[in-house]
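Novice: For reference, the file entry_33.cif (mmCIF, C-alpha atoms) is included below:
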```
data_query
loop_
_atom_site.label_atom_id
_atom_site.label_comp_id
_atom_site.auth_asym_id
_atom_site.auth_seq_id
_atom_site.Cartn_x
_atom_site.Cartn_y
_atom_site.Cartn_z
CA MET Z 1 -7.77 12.21 13.68
CA LYS Z 2 -6.95 10.11 16.75
CA LYS Z 3 -9.11 7.29 15.43
CA GLN Z 4 -7.26 7.37 12.09
CA LEU Z 5 -3.88 7.31 13.87
CA LYS Z 6 -5.01 4.32 15.92
CA ILE Z 7 -6.04 2.45 12.75
CA ASN Z 8 -2.71 3.31 11.12
CA ASN Z 9 -0.86 2.00 14.18
CA ILE Z 10 -2.79 -1.27 14.02
CA PHE Z 11 -1.88 -1.78 10.35
CA GLU Z 12 1.73 -0.82 11.08
CA ARG Z 13 1.99 -3.42 13.85
CA LEU Z 14 0.29 -5.97 11.60
CA SER Z 15 2.85 -5.40 8.82
CA ARG Z 16 5.72 -5.84 11.28
CA ASN Z 17 4.35 -9.06 12.79
CA PRO Z 18 4.72 -11.96 10.31
CA PHE Z 19 2.51 -14.26 12.39
CA LEU Z 20 -0.42 -11.86 12.49
CA LYS Z 21 0.04 -10.86 8.86
CA GLN Z 22 0.05 -14.46 7.69
CA THR Z 23 -2.83 -15.41 10.00
CA PHE Z 24 -5.10 -12.62 8.82
CA ALA Z 25 -4.26 -13.24 5.16
CA THR Z 26 -5.07 -16.93 5.63
CA LEU Z 27 -8.22 -16.05 7.51
CA LEU Z 28 -9.42 -13.74 4.73
CA LEU Z 29 -8.99 -16.51 2.16
CA ARG Z 30 -10.87 -18.92 4.40
CA ILE Z 31 -13.65 -16.41 5.02
CA PHE Z 32 -13.96 -15.96 1.25
CA GLY Z 33 -14.16 -19.75 0.95
CA VAL Z 34 -16.88 -19.87 3.61
CA LEU Z 35 -18.84 -17.16 1.80
CA LEU Z 36 -18.45 -19.11 -1.44
CA LEU Z 37 -19.72 -22.26 0.30
CA PHE Z 38 -22.55 -20.25 1.86
CA GLY Z 39 -23.61 -18.89 -1.53
CA PHE Z 40 -23.37 -22.30 -3.16
CA THR Z 41 -25.38 -23.90 -0.36
CA VAL Z 42 -28.13 -21.31 -0.82
CA PHE Z 43 -28.14 -22.07 -4.55
CA LEU Z 44 -28.17 -25.81 -3.85
CA THR Z 45 -31.05 -25.73 -1.38
CA LYS Z 46 -33.15 -23.51 -3.63
CA SER Z 47 -32.39 -25.39 -6.88
CA TYR Z 48 -32.31 -29.00 -5.68
CA SER Z 49 -34.80 -30.97 -3.61
CA PRO Z 50 -33.96 -31.65 0.08
CA LYS Z 51 -33.69 -35.36 -0.81
CA LEU Z 52 -30.89 -34.74 -3.36
CA VAL Z 53 -29.15 -32.30 -0.99
CA GLY Z 54 -29.33 -34.97 1.72
CA GLN Z 55 -27.80 -37.57 -0.63
CA TYR Z 56 -24.97 -35.16 -1.42
CA ASP Z 57 -24.28 -34.52 2.28
CA PHE Z 58 -24.37 -38.25 2.98
CA ALA Z 59 -21.86 -38.91 0.16
CA ARG Z 60 -19.67 -36.10 1.48
CA SER Z 61 -19.67 -37.60 4.99
CA PHE Z 62 -18.70 -41.02 3.62
CA LEU Z 63 -15.80 -39.59 1.61
CA LEU Z 64 -14.50 -37.58 4.58
CA ALA Z 65 -14.66 -40.51 6.99
CA VAL Z 66 -13.23 -43.26 4.75
CA GLY Z 67 -10.81 -40.85 3.03
CA SER Z 68 -9.24 -40.06 6.40
CA ILE Z 69 -8.44 -43.77 6.77
CA CYS Z 70 -6.76 -43.99 3.37
CA LEU Z 71 -4.76 -40.80 3.98
CA LEU Z 72 -3.17 -42.40 7.06
CA GLY Z 73 -2.65 -38.92 8.51
CA PHE Z 74 -0.18 -37.95 5.77
CA ASP Z 75 -1.83 -34.55 5.32
CA GLN Z 76 -0.89 -33.61 8.90
CA SER Z 77 2.31 -35.59 9.34
CA ILE Z 78 3.86 -33.87 6.29
CA LEU Z 79 3.75 -30.65 8.34
CA TYR Z 80 5.31 -32.47 11.30
CA PHE Z 81 8.13 -33.77 9.08
CA LYS Z 82 8.58 -30.30 7.58
CA GLY Z 83 9.08 -28.79 11.04
CA LYS Z 84 11.44 -31.58 12.10
CA LEU Z 85 13.48 -31.43 8.87
CA ALA Z 86 13.71 -27.63 9.12
CA SER Z 87 15.22 -27.90 12.61
CA GLN Z 88 17.82 -30.35 11.20
CA ASN Z 89 18.46 -28.39 7.98
CA ALA Z 90 17.36 -31.38 5.88
CA LEU Z 91 14.36 -30.08 3.90
CA ALA Z 92 15.59 -31.80 0.71
CA GLU Z 93 14.15 -35.04 2.09
CA LEU Z 94 10.59 -33.66 1.88
CA LYS Z 95 10.18 -34.70 -1.79
CA ASN Z 96 11.14 -38.31 -1.02
CA ILE Z 97 8.69 -38.39 1.88
CA TYR Z 98 5.92 -37.11 -0.42
CA THR Z 99 6.65 -39.79 -3.05
CA LYS Z 100 6.49 -42.56 -0.47
CA MET Z 101 3.24 -41.18 0.92
CA VAL Z 102 1.58 -41.14 -2.51
CA LYS Z 103 2.52 -44.79 -3.11
CA MET Z 104 1.14 -45.85 0.28
CA LEU Z 105 -2.03 -43.80 -0.31
CA PHE Z 106 -2.65 -45.52 -3.65
CA ALA Z 107 -2.20 -48.99 -2.17
CA ILE Z 108 -4.62 -48.36 0.71
CA SER Z 109 -7.21 -46.78 -1.61
CA VAL Z 110 -7.17 -49.82 -3.91
CA ILE Z 111 -7.55 -52.19 -0.94
CA THR Z 112 -10.52 -50.15 0.33
CA LEU Z 113 -12.20 -50.27 -3.09
CA ILE Z 114 -11.75 -54.06 -3.22
CA ILE Z 115 -13.33 -54.41 0.24
CA ILE Z 116 -16.39 -52.39 -0.86
CA LEU Z 117 -16.68 -54.55 -4.00
CA ILE Z 118 -16.62 -57.73 -1.90
CA ILE Z 119 -19.39 -56.61 0.48
CA ASP Z 120 -22.88 -57.68 -0.55
CA ASN Z 121 -24.82 -54.58 -1.63
CA LYS Z 122 -27.99 -55.92 0.02
CA ILE Z 123 -26.38 -55.74 3.47
CA ILE Z 124 -25.60 -52.01 3.14
CA ASN Z 125 -28.87 -51.07 1.43
CA ASP Z 126 -30.97 -52.96 3.99
CA TYR Z 127 -29.17 -51.32 6.93
CA PHE Z 128 -29.89 -47.81 5.64
CA ARG Z 129 -33.25 -48.83 4.15
CA ASP Z 130 -32.25 -47.18 0.86
CA THR Z 131 -31.44 -48.97 -2.42
CA GLU Z 132 -29.03 -46.20 -3.55
CA VAL Z 133 -26.59 -46.25 -0.62
CA TYR Z 134 -24.33 -49.07 -1.89
CA LEU Z 135 -23.86 -47.31 -5.23
CA ILE Z 136 -22.85 -44.12 -3.40
CA PHE Z 137 -20.33 -46.12 -1.35
CA LEU Z 138 -18.92 -47.75 -4.49
CA LYS Z 139 -18.48 -44.47 -6.36
CA GLY Z 140 -16.99 -42.88 -3.25
CA ALA Z 141 -14.49 -45.74 -2.86
CA ALA Z 142 -13.39 -45.28 -6.49
CA THR Z 143 -12.72 -41.60 -5.70
CA LEU Z 144 -10.72 -42.17 -2.51
CA PHE Z 145 -7.24 -41.99 -4.06
CA PHE Z 146 -8.02 -38.73 -5.85
CA TYR Z 147 -9.57 -37.18 -2.74
CA GLY Z 148 -6.56 -38.24 -0.67
CA LEU Z 149 -4.05 -37.00 -3.26
CA TYR Z 150 -5.74 -33.61 -3.49
CA THR Z 151 -5.79 -33.28 0.32
CA LEU Z 152 -2.14 -34.34 0.65
CA ASN Z 153 -1.06 -32.02 -2.18
CA THR Z 154 -2.72 -29.06 -0.45
CA GLU Z 155 -0.66 -29.64 2.71
CA VAL Z 156 2.54 -30.28 0.74
CA ILE Z 157 2.08 -26.92 -0.95
CA ARG Z 158 1.68 -25.42 2.53
CA ALA Z 159 4.82 -27.23 3.73
CA LEU Z 160 6.71 -25.71 0.79
CA ASP Z 161 5.75 -22.27 2.18
CA LYS Z 162 3.24 -21.55 -0.60
CA LEU Z 163 0.64 -20.78 2.03
CA TYR Z 164 -1.71 -18.65 -0.05
CA ILE Z 165 -1.78 -21.15 -2.94
CA ALA Z 166 -2.56 -23.90 -0.42
CA GLU Z 167 -5.41 -21.83 0.98
CA LEU Z 168 -6.76 -21.20 -2.53
CA PHE Z 169 -6.92 -24.95 -3.11
CA ARG Z 170 -8.39 -25.69 0.32
CA ASN Z 171 -11.03 -22.96 0.45
CA ILE Z 172 -11.89 -21.81 -3.07
CA LEU Z 173 -10.74 -24.10 -5.88
CA LYS Z 174 -12.13 -27.05 -3.90
CA TYR Z 175 -15.70 -25.93 -4.64
CA ILE Z 176 -15.32 -24.76 -8.25
CA PRO Z 177 -15.86 -28.14 -10.02
CA LEU Z 178 -18.95 -28.86 -7.89
CA ILE Z 179 -20.40 -25.37 -8.37
CA LEU Z 180 -19.92 -25.38 -12.14
CA GLY Z 181 -21.12 -28.98 -12.40
CA SER Z 182 -24.29 -28.36 -10.40
CA ILE Z 183 -25.16 -25.34 -12.58
CA VAL Z 184 -24.69 -27.44 -15.75
CA LEU Z 185 -26.91 -30.18 -14.28
CA ILE Z 186 -29.68 -27.64 -13.70
CA TYR Z 187 -29.35 -26.43 -17.29
CA TRP Z 188 -29.46 -30.01 -18.64
CA HIS Z 189 -32.21 -31.10 -16.18
CA LYS Z 190 -29.95 -33.87 -14.83
CA GLU Z 191 -30.09 -32.98 -11.11
CA ALA Z 192 -29.95 -36.66 -10.10
CA TYR Z 193 -26.21 -36.72 -11.01
CA LEU Z 194 -25.24 -34.25 -8.26
CA VAL Z 195 -23.36 -36.89 -6.23
CA ASP Z 196 -21.44 -38.01 -9.34
CA ILE Z 197 -20.34 -34.44 -10.05
CA PHE Z 198 -19.20 -34.11 -6.43
CA PHE Z 199 -17.01 -37.22 -6.71
CA PHE Z 200 -15.61 -36.35 -10.16
CA GLY Z 201 -14.55 -32.92 -8.89
CA PHE Z 202 -11.83 -34.51 -6.77
CA VAL Z 203 -10.36 -36.27 -9.81
CA PHE Z 204 -9.93 -32.88 -11.44
CA LEU Z 205 -8.54 -31.31 -8.25
CA ALA Z 206 -6.04 -34.14 -7.76
CA VAL Z 207 -4.61 -33.64 -11.26
CA ILE Z 208 -4.36 -29.84 -10.99
CA SER Z 209 -2.85 -29.85 -7.48
CA SER Z 210 -0.30 -32.51 -8.52
CA VAL Z 211 0.88 -30.24 -11.35
CA PHE Z 212 1.48 -27.47 -8.80
CA VAL Z 213 3.32 -29.76 -6.36
CA LEU Z 214 5.64 -31.21 -9.02
CA SER Z 215 6.31 -27.70 -10.35
CA TYR Z 216 7.26 -26.40 -6.89
CA PHE Z 217 9.52 -29.38 -6.20
CA ARG Z 218 11.22 -28.83 -9.56
CA LYS Z 219 11.90 -25.18 -8.73
CA THR Z 220 13.13 -25.91 -5.20
CA THR Z 221 16.89 -25.86 -4.79
CA ILE Z 222 18.01 -29.42 -4.09
CA LEU Z 223 20.60 -29.67 -1.36
CA LYS Z 224 22.51 -32.74 -0.35
CA ILE Z 225 20.23 -35.04 1.64
CA THR Z 226 21.65 -35.37 5.15
CA TYR Z 227 18.71 -37.12 6.76
CA SER Z 228 16.56 -39.91 5.32
CA VAL Z 229 13.07 -40.87 6.44
CA SER Z 230 12.01 -44.48 5.85
CA LYS Z 231 8.51 -45.73 5.08
CA LYS Z 232 8.46 -47.31 8.53
CA GLU Z 233 9.14 -43.95 10.19
CA ILE Z 234 6.52 -42.24 7.99
CA PHE Z 235 3.98 -44.88 8.97
CA SER Z 236 4.86 -44.82 12.68
CA LYS Z 237 4.45 -41.04 12.85
CA SER Z 238 1.44 -40.88 10.53
CA TYR Z 239 -0.86 -43.70 11.57
CA PRO Z 240 -1.59 -42.28 15.05
CA ILE Z 241 -2.49 -39.02 13.29
CA ALA Z 242 -4.57 -41.07 10.84
CA ILE Z 243 -6.54 -42.57 13.70
CA SER Z 244 -6.91 -39.09 15.19
CA SER Z 245 -8.04 -37.68 11.83
CA MET Z 246 -10.42 -40.55 11.30
CA ALA Z 247 -11.80 -39.98 14.79
CA MET Z 248 -12.30 -36.28 14.02
CA PHE Z 249 -14.19 -37.08 10.83
CA LEU Z 250 -16.26 -39.76 12.55
CA LEU Z 251 -17.27 -37.13 15.10
CA MET Z 252 -18.63 -35.17 12.13
CA CYS Z 253 -20.14 -38.16 10.32
CA PHE Z 254 -21.89 -40.37 12.88
CA ASP Z 255 -24.69 -37.83 13.21
CA ILE Z 256 -25.26 -37.82 9.43
CA MET Z 257 -25.18 -41.62 9.26
CA PHE Z 258 -27.66 -42.08 12.12
CA LEU Z 259 -29.96 -39.32 10.83
CA LYS Z 260 -29.95 -41.12 7.47
CA LYS Z 261 -30.88 -44.41 9.17
CA TYR Z 262 -33.46 -43.19 11.70
CA ARG Z 263 -34.90 -40.22 9.80
CA ASN Z 264 -34.49 -39.49 6.04
CA ASP Z 265 -32.49 -37.59 3.41
CA GLU Z 266 -34.50 -34.42 4.05
CA THR Z 267 -33.53 -34.38 7.75
CA VAL Z 268 -29.89 -34.92 6.76
CA ALA Z 269 -30.15 -31.87 4.49
CA TYR Z 270 -31.71 -29.66 7.21
CA TYR Z 271 -29.15 -30.65 9.86
CA SER Z 272 -26.20 -30.36 7.46
CA ILE Z 273 -27.04 -26.69 6.89
CA GLY Z 274 -26.41 -26.09 10.59
CA VAL Z 275 -23.12 -27.98 10.38
CA LYS Z 276 -22.00 -25.95 7.35
CA LEU Z 277 -22.85 -22.70 9.11
CA MET Z 278 -20.84 -23.88 12.09
CA THR Z 279 -17.80 -23.99 9.80
CA ILE Z 280 -17.82 -20.19 9.83
CA ILE Z 281 -16.61 -20.48 13.43
CA SER Z 282 -14.41 -23.53 12.96
CA VAL Z 283 -12.67 -21.91 9.98
CA VAL Z 284 -11.17 -19.32 12.33
CA ILE Z 285 -9.81 -22.01 14.65
CA LEU Z 286 -8.50 -24.13 11.78
CA SER Z 287 -6.90 -21.19 9.96
CA ILE Z 288 -4.88 -20.06 12.95
CA ASN Z 289 -3.95 -23.60 14.05
CA ILE Z 290 -2.73 -24.60 10.58
CA THR Z 291 -0.69 -21.40 10.36
CA ILE Z 292 1.16 -22.19 13.61
CA SER Z 293 1.32 -26.02 13.34
CA ALA Z 294 4.75 -26.29 11.67
CA LYS Z 295 6.08 -23.57 13.98
CA ILE Z 296 4.92 -25.52 17.04
CA SER Z 297 6.83 -28.59 15.81
CA GLU Z 298 9.95 -26.52 15.12
CA CYS Z 299 9.93 -24.68 18.47
CA PHE Z 300 9.25 -27.90 20.39
CA SER Z 301 12.06 -29.76 18.57
CA SER Z 302 14.51 -26.93 19.30
CA GLN Z 303 13.22 -26.69 22.92
CA ASN Z 304 12.36 -23.01 22.52
CA LYS Z 305 9.67 -22.99 25.21
CA ALA Z 306 9.46 -19.20 25.50
CA GLU Z 307 8.61 -18.76 21.81
CA LEU Z 308 6.26 -21.75 21.91
CA THR Z 309 4.34 -20.30 24.86
CA LYS Z 310 4.09 -16.93 23.14
CA ILE Z 311 2.70 -18.48 19.94
CA LEU Z 312 0.09 -20.49 21.82
CA ARG Z 313 -0.97 -17.56 24.01
CA ASN Z 314 -1.39 -15.22 21.03
CA SER Z 315 -3.26 -17.82 18.98
CA SER Z 316 -5.76 -18.65 21.75
CA ARG Z 317 -6.56 -14.97 22.30
CA LEU Z 318 -6.90 -14.36 18.57
CA ILE Z 319 -9.20 -17.36 18.09
CA PHE Z 320 -11.50 -16.44 20.95
CA GLY Z 321 -11.52 -12.72 20.12
CA ILE Z 322 -12.66 -13.34 16.55
CA THR Z 323 -15.19 -16.11 17.21
CA VAL Z 324 -17.21 -14.49 20.02
CA PRO Z 325 -18.68 -11.61 17.93
CA VAL Z 326 -19.54 -14.07 15.13
CA ILE Z 327 -21.31 -16.41 17.56
CA ILE Z 328 -23.36 -13.59 19.09
CA ALA Z 329 -24.43 -12.35 15.65
CA MET Z 330 -25.38 -15.85 14.48
CA CYS Z 331 -27.43 -16.49 17.61
CA LEU Z 332 -29.33 -13.22 17.27
CA PHE Z 333 -30.14 -13.74 13.60
CA SER Z 334 -30.31 -17.55 13.49
CA GLU Z 335 -33.82 -17.76 12.03
CA HIS Z 336 -33.12 -15.14 9.38
CA ILE Z 337 -29.90 -16.95 8.38
CA LEU Z 338 -31.69 -20.29 7.97
CA LEU Z 339 -34.44 -18.65 5.90
CA PHE Z 340 -31.81 -17.90 3.24
CA PHE Z 341 -31.82 -21.60 2.40
CA GLY Z 342 -35.60 -21.96 2.27
CA HIS Z 343 -38.45 -21.79 4.76
CA GLN Z 344 -38.30 -25.54 5.49
CA TYR Z 345 -34.71 -25.26 6.82
CA VAL Z 346 -35.85 -23.21 9.84
CA VAL Z 347 -36.70 -26.53 11.55
CA ALA Z 348 -32.95 -26.86 12.21
CA LYS Z 349 -32.84 -23.69 14.34
CA GLU Z 350 -32.44 -25.36 17.75
CA ALA Z 351 -29.79 -27.78 16.49
CA PHE Z 352 -28.00 -24.89 14.81
CA LEU Z 353 -27.88 -22.87 18.05
CA ILE Z 354 -26.57 -25.85 20.01
CA LEU Z 355 -23.81 -26.39 17.43
CA ILE Z 356 -22.53 -22.82 17.20
CA ILE Z 357 -22.62 -22.14 20.95
CA GLY Z 358 -20.78 -25.40 21.58
CA GLN Z 359 -18.20 -24.55 18.94
CA GLY Z 360 -17.74 -21.16 20.61
CA VAL Z 361 -16.98 -22.82 23.95
CA CYS Z 362 -14.45 -25.13 22.27
CA SER Z 363 -12.73 -22.13 20.65
CA ALA Z 364 -11.45 -21.15 24.12
CA PHE Z 365 -9.07 -24.14 23.97
CA GLY Z 366 -6.88 -22.52 21.32
CA ALA Z 367 -4.32 -24.77 19.61
CA SER Z 368 -5.32 -27.97 21.42
CA PRO Z 369 -6.39 -29.66 18.11
CA VAL Z 370 -2.83 -29.58 16.70
CA TYR Z 371 -0.45 -29.35 19.68
CA LEU Z 372 -0.11 -33.05 20.56
CA ASN Z 373 0.30 -34.09 16.91
CA MET Z 374 2.99 -31.46 16.33
CA THR Z 375 4.97 -32.40 19.47
CA GLY Z 376 5.25 -36.16 18.92
CA ARG Z 377 2.35 -37.08 21.27
CA GLN Z 378 0.18 -38.54 18.51
CA HIS Z 379 -0.59 -41.66 20.55
CA ALA Z 380 -2.00 -39.65 23.45
CA PHE Z 381 -4.17 -37.59 21.12
CA GLN Z 382 -5.28 -40.76 19.39
CA LEU Z 383 -6.48 -42.33 22.66
CA ILE Z 384 -8.40 -39.21 23.69
CA LEU Z 385 -10.18 -39.00 20.33
CA ILE Z 386 -11.05 -42.71 20.36
CA ILE Z 387 -12.80 -42.18 23.70
CA ALA Z 388 -14.53 -39.08 22.24
CA VAL Z 389 -15.73 -41.15 19.24
CA ILE Z 390 -17.18 -43.79 21.58
CA ILE Z 391 -19.00 -41.05 23.51
CA ASN Z 392 -20.22 -39.50 20.25
CA PHE Z 393 -21.40 -42.83 18.82
CA THR Z 394 -23.23 -43.75 22.01
CA LEU Z 395 -24.96 -40.39 22.35
CA ASN Z 396 -25.95 -40.34 18.66
CA ARG Z 397 -27.29 -43.89 18.85
CA PHE Z 398 -29.60 -43.13 21.77
CA LEU Z 399 -30.42 -39.44 21.27
CA ILE Z 400 -31.15 -39.28 17.52
CA PRO Z 401 -34.03 -41.82 17.52
CA ILE Z 402 -35.70 -39.70 20.25
CA TYR Z 403 -34.62 -36.10 19.62
CA GLY Z 404 -33.55 -36.17 15.94
CA MET Z 405 -31.41 -33.19 14.90
CA ASN Z 406 -31.19 -31.78 18.44
CA GLY Z 407 -29.87 -35.11 19.69
CA ALA Z 408 -27.22 -35.11 16.96
CA ALA Z 409 -26.13 -31.58 17.90
CA ILE Z 410 -25.93 -32.43 21.62
CA ALA Z 411 -23.82 -35.52 20.83
CA PHE Z 412 -21.40 -33.53 18.67
CA VAL Z 413 -20.96 -30.67 21.16
CA SER Z 414 -20.56 -33.01 24.17
CA SER Z 415 -17.84 -35.13 22.55
CA SER Z 416 -16.04 -32.06 21.15
CA PHE Z 417 -15.91 -30.38 24.56
CA PHE Z 418 -14.65 -33.62 26.14
CA TRP Z 419 -11.62 -34.01 23.89
CA ASN Z 420 -10.71 -30.30 23.79
CA PHE Z 421 -10.84 -30.04 27.59
CA THR Z 422 -8.91 -33.29 28.12
CA VAL Z 423 -6.16 -32.32 25.66
CA ALA Z 424 -5.76 -28.88 27.28
CA VAL Z 425 -5.41 -30.46 30.74
CA ILE Z 426 -2.83 -33.01 29.54
CA ILE Z 427 -0.74 -30.33 27.79
CA TYR Z 428 -0.67 -28.27 30.99
CA GLN Z 429 0.26 -31.31 33.10
CA LYS Z 430 3.05 -32.43 30.73
CA ASP Z 431 4.56 -29.15 29.53
CA LYS Z 432 3.12 -26.57 31.97
CA ILE Z 433 1.81 -24.63 28.95
CA LYS Z 434 -1.71 -23.18 28.75
CA VAL Z 435 -3.25 -23.63 25.32
CA PHE Z 436 -6.65 -22.50 26.58
CA LEU Z 437 -7.64 -18.85 26.84
CA ASN Z 438 -5.95 -17.02 29.72
#
```
Can you dump the structure from the file as structure tokens?

Specialist:
Amino acid sequence: MKKQLKINNIFERLSRNPFLKQTFATLLLRIFGVLLLFGFTVFLTKSYSPKLVGQYDFARSFLLAVGSICLLGFDQSILYFKGKLASQNALAELKNIYTKMVKMLFAISVITLIIILIIDNKIINDYFRDTEVYLIFLKGAATLFFYGLYTLNTEVIRALDKLYIAELFRNILKYIPLILGSIVLIYWHKEAYLVDIFFFGFVFLAVISSVFVLSYFRKTTILKITYSVSKKEIFSKSYPIAISSMAMFLLMCFDIMFLKKYRNDETVAYYSIGVKLMTIISVVILSINITISAKISECFSSQNKAELTKILRNSSRLIFGITVPVIIAMCLFSEHILLFFGHQYVVAKEAFLILIIGQGVCSAFGASPVYLNMTGRQHAFQLILIIAVIINFTLNRFLIPIYGMNGAAIAFVSSSFFWNFTVAVIIYQKDKIKVFLN
């Protein structure tokens, strides 16, 4: 009876606390997305050869890295502008900001495609010692606008307070075209087109998400615009975030690129399984940080330090409290987990353990990944991440040729700890606020 009363009290407190309610609802959607990705990855590794899986992961890394450049940080800065506009009662300007962002995204994507077309394919293929790499780059460049539009639309939907729809797009609908396409390829015996299906999926997602965004803007009550944001202001606030985002993606892509160069597609596939499993931990951090990001901007703009401190303290405790049990379970059953994907994937066990333990340590730093961007300190965050990228690149370059997957994992964890720790220290020095667990 007492146990039942305690459970009822927990649910009662949860229903009364909007932050916790929203966080857990978001987290459940993300966990479902992770399970969907986990199931699809098992299907992929059992139905496709490690070489094709490695090509897919390589194409994915390219799209993430180059796509972050084309996005110019719009996917994060739209949340910054939402928080700022909310504090000034000028949310009607959000639609104009979105329109300007889409135009700038299209222009940068076209320029990037032209640059790829100009480069001699022999240079790229010779560097990676693979005749198919240039074609992957070319197809990826043609997809950049659609990938960027889908990503931006997801965050615009979030900014319009359609949080659960945004999470559906980010965590579930994102994988549907690829899952269905890969099943059809198996049925038609056309497995070699896996990368093409992956790229085409973002064209479909861009169209569908745009329909949702335009529909929500149409239904939103239009008030008189009292504050206008120019393209120059959008660029000045977004490009430091773009560099930060690009740096974050490079931290996740250098290891894949160097493993492709110094090892082979099979090694890329084995290591990428460990990275995907690591997302089970990172999804907790990302879910909570995205939920509080606009609120951080709003509280900081209105100088509500007490509420800001409370949000950061609760989020850091929640992140750490959820991730620790998951990390312990994954460490204990690491070999059994990897066997789900096939016996050959067990070779990634050591790299996998390094990645998840490192991610667990970084989870103690709470909202450090979003705080500086949401409080107008994008330039400081940008500088820290640039240094982290240099560290990551250097470690990958020298460790991967010797230690392979383990070297890649050590490089990723070392650079991630560096920037998380540095950001937490700077936030405490500047604002006397602890974002790390306390």

Novice: Taking only residues of region 325-404 of chain Z that have an atom at most 12 Å from an atom of region 29-41 of chain Z, what is each one's shortest atom pair and its distance in Å to one decimal, using all atoms listed in the file, in chain and number order, as JSON lines?

Specialist:
```
{"residue": "Z:Val326", "atom": "CA", "partner": "Z:Ile31", "partner_atom": "CA", "distance": 11.9}
{"residue": "Z:Ile337", "atom": "CA", "partner": "Z:Phe38", "partner_atom": "CA", "distance": 10.4}
{"residue": "Z:Leu338", "atom": "CA", "partner": "Z:Phe38", "partner_atom": "CA", "distance": 11.0}
{"residue": "Z:Phe340", "atom": "CA", "partner": "Z:Thr41", "partner_atom": "CA", "distance": 9.5}
{"residue": "Z:Phe341", "atom": "CA", "partner": "Z:Thr41", "partner_atom": "CA", "distance": 7.4}
{"residue": "Z:Gly342", "atom": "CA", "partner": "Z:Thr41", "partner_atom": "CA", "distance": 10.7}
{"residue": "Z:Tyr345", "atom": "CA", "partner": "Z:Thr41", "partner_atom": "CA", "distance": 11.9}
```

Novice: Please, what distance in Å, to one decimal, runs between CA of Tyr134 (chain Z) and CA of Asn121 (chain Z)?

Specialist: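 Answer for the CA of Tyr134 (chain Z) to CA of Asn121 (chain Z) separation: 5.5 Å.
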
Novice: Run through the PyMOL selection byres ((chain Z and resi 234) around 10) on the given coordinates and return the selected residues as a list in words.

Specialist: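 Selection result, ordered by chain and number: Leu72, Gly73, Phe74, Ser77, Ile78, Phe81, Ile97, Tyr98, Lys100, Met101, Val229, Ser230, Lys231, Lys232, Glu233, Phe235, Ser236, Lys237, Ser238 and Tyr239 of chain Z.
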
Novice: Would you work out the distance separating CA of Ile176 (chain Z) from CA of Phe43 (chain Z), expressed in Å to one decimal?

Specialist: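 Atom-to-atom, CA of Ile176 (chain Z) and CA of Phe43 (chain Z) are spaced 13.6 Å apart.
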
Novice: Determine the nearest neighbour of Val110 (chain Z) from the options Z:Leu28, Z:Val133, Z:Ile402, Z:Cys70, counting only C-alpha atoms.

Specialist: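 Of Z:Leu28, Z:Val133, Z:Ile402, Z:Cys70, the one nearest Val110 (chain Z), counting only C-alpha atoms, is Z:Cys70.
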
Novice: In Å, how far is it from CA of Ser293 (chain Z) to CA of Val102 (chain Z)?

Specialist: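 Going from CA of Ser293 (chain Z) over to CA of Val102 (chain Z) covers 21.9 Å.
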
Novice: For the file shown, report as a count of residues only the outcome of the PyMOL selection byres ((chain Z and resi 388) around 12) at residue level.

Specialist: 36

Novice: Looking at all atoms listed in the file, which of Z:Phe58, Z:Tyr164, Z:Tyr193, Z:Tyr147 is the one that sits closest to Leu205 (chain Z)?

Specialist: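 Of all the options, Z:Tyr147 lies closest to Leu205 (chain Z).
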
Novice: Nearest to Asp431 (chain Z) among Z:Leu308, Z:Leu149, Z:Tyr403, Z:Ile357, with distances taken over all atoms listed in the file: which residue is it?

Specialist: Z:Leu308

Novice: Any chance you could work out the residue set of the PyMOL selection byres ((chain Z and resi 323) around 10) here, as a list in words?

Specialist: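 On this input, the PyMOL selection byres ((chain Z and resi 323) around 10) captures Ile280, Ile281, Ser282, Val283, Val284, Ile285, Leu318, Ile319, Phe320, Gly321, Ile322, Val324, Pro325, Val326, Ile327, Ile328, Ile356, Gln359, Gly360, Val361, Ser363 and Ala364 of chain Z.
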
Novice: May I have the selected residues written with C-alpha atoms, as an mmCIF file, in the frame of the given file?

Specialist:
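The resulting file, part_16.cif, is shown below:
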```
data_model
loop_
_atom_site.group_PDB
_atom_site.id
_atom_site.type_symbol
_atom_site.label_atom_id
_atom_site.label_comp_id
_atom_site.auth_asym_id
_atom_site.auth_seq_id
_atom_site.Cartn_x
_atom_site.Cartn_y
_atom_site.Cartn_z
ATOM 1 C CA ILE Z 280 -17.820 -20.190 9.830
ATOM 2 C CA ILE Z 281 -16.610 -20.480 13.430
ATOM 3 C CA SER Z 282 -14.410 -23.530 12.960
ATOM 4 C CA VAL Z 283 -12.670 -21.910 9.980
ATOM 5 C CA VAL Z 284 -11.170 -19.320 12.330
ATOM 6 C CA ILE Z 285 -9.810 -22.010 14.650
ATOM 7 C CA LEU Z 318 -6.900 -14.360 18.570
ATOM 8 C CA ILE Z 319 -9.200 -17.360 18.090
ATOM 9 C CA PHE Z 320 -11.500 -16.440 20.950
ATOM 10 C CA GLY Z 321 -11.520 -12.720 20.120
ATOM 11 C CA ILE Z 322 -12.660 -13.340 16.550
ATOM 12 C CA VAL Z 324 -17.210 -14.490 20.020
ATOM 13 C CA PRO Z 325 -18.680 -11.610 17.930
ATOM 14 C CA VAL Z 326 -19.540 -14.070 15.130
ATOM 15 C CA ILE Z 327 -21.310 -16.410 17.560
ATOM 16 C CA ILE Z 328 -23.360 -13.590 19.090
ATOM 17 C CA ILE Z 356 -22.530 -22.820 17.200
ATOM 18 C CA GLN Z 359 -18.200 -24.550 18.940
ATOM 19 C CA GLY Z 360 -17.740 -21.160 20.610
ATOM 20 C CA VAL Z 361 -16.980 -22.820 23.950
ATOM 21 C CA SER Z 363 -12.730 -22.130 20.650
ATOM 22 C CA ALA Z 364 -11.450 -21.150 24.120
#
```
